[in-house]
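Novice: The following file, my_file14.txt, comprises compact mmCIF, C-alpha atoms:
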```txt
# COMPACT_ATOMS: atom_id res chain seq x y z
CA MET A 1 -4.53 9.19 75.70
CA LYS A 2 -0.86 8.82 74.97
CA ASP A 3 1.08 11.78 73.68
CA LYS A 4 0.95 11.72 69.89
CA LYS A 5 4.31 10.80 68.43
CA MET A 6 5.38 12.17 65.09
CA TYR A 7 6.43 9.32 62.82
CA THR A 8 8.76 9.36 59.84
CA GLU A 9 7.35 8.19 56.53
CA ALA A 10 9.39 4.97 56.82
CA GLU A 11 7.99 4.33 60.33
CA ILE A 12 4.45 4.95 59.10
CA GLU A 13 4.90 2.52 56.21
CA ALA A 14 6.32 -0.15 58.55
CA LEU A 15 3.54 0.31 61.11
CA ALA A 16 0.88 0.22 58.40
CA GLU A 17 2.32 -3.01 57.00
CA LYS A 18 2.44 -4.59 60.46
CA ALA A 19 -1.17 -3.59 61.17
CA ALA A 20 -2.27 -5.00 57.79
CA GLU A 21 -0.55 -8.32 58.48
CA CYS A 22 -2.18 -8.53 61.92
CA ALA A 23 -5.60 -7.64 60.48
CA MET A 24 -5.36 -10.35 57.81
CA GLU A 25 -4.32 -12.88 60.46
CA HIS A 26 -7.36 -11.99 62.57
CA PHE A 27 -9.60 -12.72 59.58
CA LYS A 28 -8.29 -16.29 59.57
CA HIS A 29 -9.51 -16.61 63.17
CA GLY A 30 -13.12 -15.57 62.58
CA LEU A 31 -13.13 -11.81 63.10
CA ASN A 32 -15.23 -9.96 60.55
CA CYS A 33 -13.76 -7.41 58.16
CA GLY A 34 -14.48 -4.35 60.30
CA GLU A 35 -13.19 -5.99 63.47
CA CYS A 36 -10.00 -7.03 61.68
CA VAL A 37 -9.17 -3.49 60.60
CA VAL A 38 -9.66 -1.98 64.06
CA GLN A 39 -7.95 -4.88 65.82
CA GLY A 40 -4.98 -4.63 63.44
CA PHE A 41 -4.62 -0.98 64.42
CA LEU A 42 -4.99 -1.74 68.13
CA ASP A 43 -2.31 -4.44 67.85
CA LEU A 44 0.22 -1.70 67.15
CA GLY A 45 -0.16 -0.52 70.77
CA LEU A 46 -0.21 3.14 69.76
CA SER A 47 -3.41 4.15 71.51
CA ASP A 48 -4.90 3.92 74.96
CA TYR A 49 -8.26 2.83 73.61
CA PRO A 50 -9.50 -0.31 75.33
CA LYS A 51 -9.65 -3.51 73.30
CA GLU A 52 -13.44 -3.41 73.67
CA ILE A 53 -13.73 -0.62 71.09
CA VAL A 54 -13.64 -3.39 68.49
CA GLY A 55 -17.31 -3.82 69.41
CA LEU A 56 -18.03 -0.43 67.81
CA VAL A 57 -17.41 -1.96 64.38
CA SER A 58 -18.79 -5.49 64.84
CA GLY A 59 -21.98 -4.60 62.99
CA MET A 60 -20.06 -3.33 59.96
CA GLY A 61 -19.07 -6.82 58.80
CA GLY A 62 -20.55 -8.24 55.63
CA GLY A 63 -21.30 -4.78 54.31
CA MET A 64 -23.09 -3.20 57.28
CA GLY A 65 -24.87 -5.97 59.12
CA PHE A 66 -24.36 -8.53 56.35
CA THR A 67 -26.57 -6.53 53.99
CA HIS A 68 -23.73 -6.32 51.45
CA HIS A 69 -23.81 -2.54 51.37
CA THR A 70 -20.76 -0.41 52.23
CA CYS A 71 -17.76 -2.65 52.92
CA GLY A 72 -17.11 -3.11 56.63
CA ALA A 73 -13.34 -2.90 56.13
CA VAL A 74 -13.68 0.48 54.39
CA ASN A 75 -15.99 1.76 57.14
CA ALA A 76 -13.73 0.49 59.92
CA GLY A 77 -10.80 2.24 58.27
CA LEU A 78 -12.67 5.50 58.76
CA VAL A 79 -13.00 4.65 62.45
CA VAL A 80 -9.24 4.04 62.68
CA ILE A 81 -8.53 7.41 61.06
CA SER A 82 -11.05 9.16 63.30
CA SER A 83 -9.54 7.56 66.40
CA GLU A 84 -6.38 9.55 65.70
CA LYS A 85 -7.57 12.56 63.70
CA GLY A 86 -11.22 12.96 64.67
CA ARG A 87 -12.59 15.58 67.01
CA LYS A 88 -12.55 14.46 70.61
CA ASN A 89 -14.72 17.47 71.47
CA PRO A 90 -16.59 19.03 68.55
CA TYR A 91 -17.41 22.04 70.75
CA ALA A 92 -13.75 22.81 71.47
CA ARG A 93 -13.88 25.44 68.72
CA GLU A 94 -15.82 28.49 69.83
CA THR A 95 -17.75 29.41 66.72
CA PHE A 96 -19.83 27.64 64.12
CA ALA A 97 -17.42 28.84 61.40
CA GLU A 98 -14.40 27.43 63.26
CA ARG A 99 -16.14 24.07 63.72
CA VAL A 100 -17.04 23.89 60.03
CA ASP A 101 -13.51 24.90 59.01
CA GLU A 102 -12.09 22.15 61.21
CA LEU A 103 -14.10 19.67 59.14
CA HIS A 104 -13.60 21.13 55.66
CA HIS A 105 -10.23 22.93 55.63
CA PRO A 106 -8.37 21.74 52.51
CA GLY A 107 -5.01 21.38 54.28
CA THR A 108 -5.94 20.15 57.73
CA GLY A 109 -9.62 19.26 57.62
CA ILE A 110 -11.12 16.03 58.82
CA TYR A 111 -13.19 15.46 55.68
CA PRO A 112 -10.33 15.78 53.18
CA ARG A 113 -8.22 13.21 55.07
CA HIS A 114 -11.09 10.73 55.34
CA GLY A 115 -12.21 11.40 51.79
CA ALA A 116 -8.73 10.73 50.43
CA TYR A 117 -8.78 7.32 52.14
CA VAL A 118 -12.17 6.43 50.64
CA LYS A 119 -10.97 7.56 47.21
CA GLU A 120 -7.89 5.30 47.55
CA CYS A 121 -10.16 2.34 48.33
CA ILE A 122 -12.36 3.08 45.32
CA LYS A 123 -9.32 3.60 43.10
CA GLU A 124 -7.93 0.21 44.15
CA TYR A 125 -11.18 -1.80 43.99
CA GLY A 126 -13.53 0.25 41.82
CA THR A 127 -16.21 0.32 44.51
CA MET A 128 -16.75 0.19 48.24
CA GLU A 129 -19.96 -1.80 48.04
CA CYS A 130 -19.59 -5.27 49.57
CA ARG A 131 -22.02 -6.84 47.10
CA ASP A 132 -19.95 -5.58 44.14
CA LEU A 133 -16.70 -6.69 45.75
CA CYS A 134 -18.16 -10.18 46.29
CA LEU A 135 -20.13 -10.41 43.02
CA PRO A 136 -17.36 -12.11 41.02
CA PHE A 137 -17.37 -15.07 43.42
CA ASP A 138 -19.89 -17.91 43.28
CA GLU A 139 -20.52 -18.37 46.98
CA SER A 140 -22.74 -21.38 46.33
CA THR A 141 -19.59 -23.46 45.82
CA PRO A 142 -16.81 -24.22 48.32
CA GLU A 143 -14.20 -22.84 45.91
CA GLY A 144 -16.23 -19.67 45.35
CA LYS A 145 -16.48 -19.14 49.11
CA LYS A 146 -12.71 -19.59 49.45
CA ASP A 147 -12.04 -17.15 46.62
CA ARG A 148 -14.35 -14.56 48.18
CA ALA A 149 -12.64 -15.00 51.54
CA ARG A 150 -9.22 -14.56 49.92
CA ASN A 151 -10.47 -11.38 48.27
CA CYS A 152 -11.88 -10.07 51.56
CA LYS A 153 -8.62 -10.85 53.35
CA LYS A 154 -6.67 -8.90 50.73
CA LEU A 155 -9.13 -6.00 51.00
CA ILE A 156 -8.84 -6.03 54.79
CA GLY A 157 -5.08 -5.72 54.47
CA PHE A 158 -5.40 -2.85 52.01
CA CYS A 159 -7.94 -0.92 54.11
CA THR A 160 -5.93 -1.40 57.29
CA ARG A 161 -2.70 -0.31 55.63
CA GLU A 162 -4.24 2.82 54.08
CA ALA A 163 -6.20 3.76 57.22
CA VAL A 164 -3.16 3.47 59.48
CA LYS A 165 -1.13 5.62 57.10
CA ALA A 166 -3.89 8.26 57.04
CA ALA A 167 -4.22 8.12 60.83
CA LEU A 168 -0.51 8.52 61.55
CA ARG A 169 0.49 11.13 59.00
CA PRO A 170 0.52 14.72 60.19
```
Represent the structure of the file as structure tokens.

Specialist:
Amino acid sequence: MKDKKMYTEAEIEALAEKAAECAMEHFKHGLNCGECVVQGFLDLGLSDYPKEIVGLVSGMGGGMGFTHHTCGAVNAGLVVISSEKGRKNPYARETFAERVDELHHPGTGIYPRHGAYVKECIKEYGTMECRDLCLPFDESTPEGKKDRARNCKKLIGFCTREAVKAALRP
């Protein structure tokens, strides 16, 4: 992996915006919501992960396998954050207590960072359930399908932006 660069807040904001724009563009080309979020992050060129890792989130689209459960964009955002801030080796810490602290520590823990991202998504949209996010749109009509797609595209941009910020902040 590349050495991790420390970014200024302005750089993080600019990178997050660029990733969001790329992610929303990918949606227009047939990528699903989860794929868009990860691909938008990969487009920044900040990691050495191969482009094939997009396959890890392909099944998240449509609310986890098109079941309309947890939004694929929200889930894929967690993957983006974990790609930068997750444990590469959970056994690197010697003791059980150290491993648990690495997850839960209020200042540096993995769970608080990921949880803050999920809370931002819920704050913005009121839910992270695909069916609830799509419910306002009558998908039996062409206009309803377009409106739902516009909403998903906007959500993809939001999730990508917030995930990249969470992934790049110290």

Novice: Give me, please, the distance in Å between atom CA of Met24 of chain A and atom CA of Ala10 of chain A, quoted to one decimal.

Specialist: 21.3 Å

Novice: So, counting all atoms listed in the file, which residue among A:Gly45, A:Gly126, A:Gly157, A:Pro170 is closest to Cys22 of chain A?

Specialist: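 Of A:Gly45, A:Gly126, A:Gly157, A:Pro170, the one nearest Cys22 of chain A is A:Gly157, counting all atoms listed in the file.
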
Novice: Give the answer as one residue: which of A:Glu129, A:Asp101, A:Asp138, A:Glu35 has the shortest atom-to-atom distance to Lys51 of chain A, using all atoms listed in the file?

Specialist: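 Among the listed residues, the smallest separation from Lys51 of chain A belongs to A:Glu35.
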
Novice: Using only C-alpha atoms, can you tell me which of A:Glu13, A:Lys153, A:Thr95, A:Pro142 comes closest to His29 of chain A?

Specialist: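 Ranked by minimum distance to His29 of chain A, first place goes to A:Lys153.
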
Novice: With only C-alpha atoms as the atoms that count, which of A:Phe96, A:Phe137, A:Phe41, A:Phe158 lies nearest to Val118 of chain A?

Specialist: A:Phe158

Novice: What is the distance between atom CA of Ile81 of chain A and atom CA of Thr8 of chain A, in Å to one decimal?

Specialist: 17.4 Å

Novice: Do you have the atom CA of Cys71 of chain A-atom CA of Leu31 of chain A distance handy?

Specialist: 14.5 Å

Novice: When distances are computed from all atoms listed in the file, which of A:Pro136, A:Gly40, A:Gly55, A:Gly62 shows the smallest separation from Glu17 of chain A?

Specialist: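 Checking each of A:Pro136, A:Gly40, A:Gly55, A:Gly62 against Glu17 of chain A, counting all atoms listed in the file, the winner is A:Gly40.
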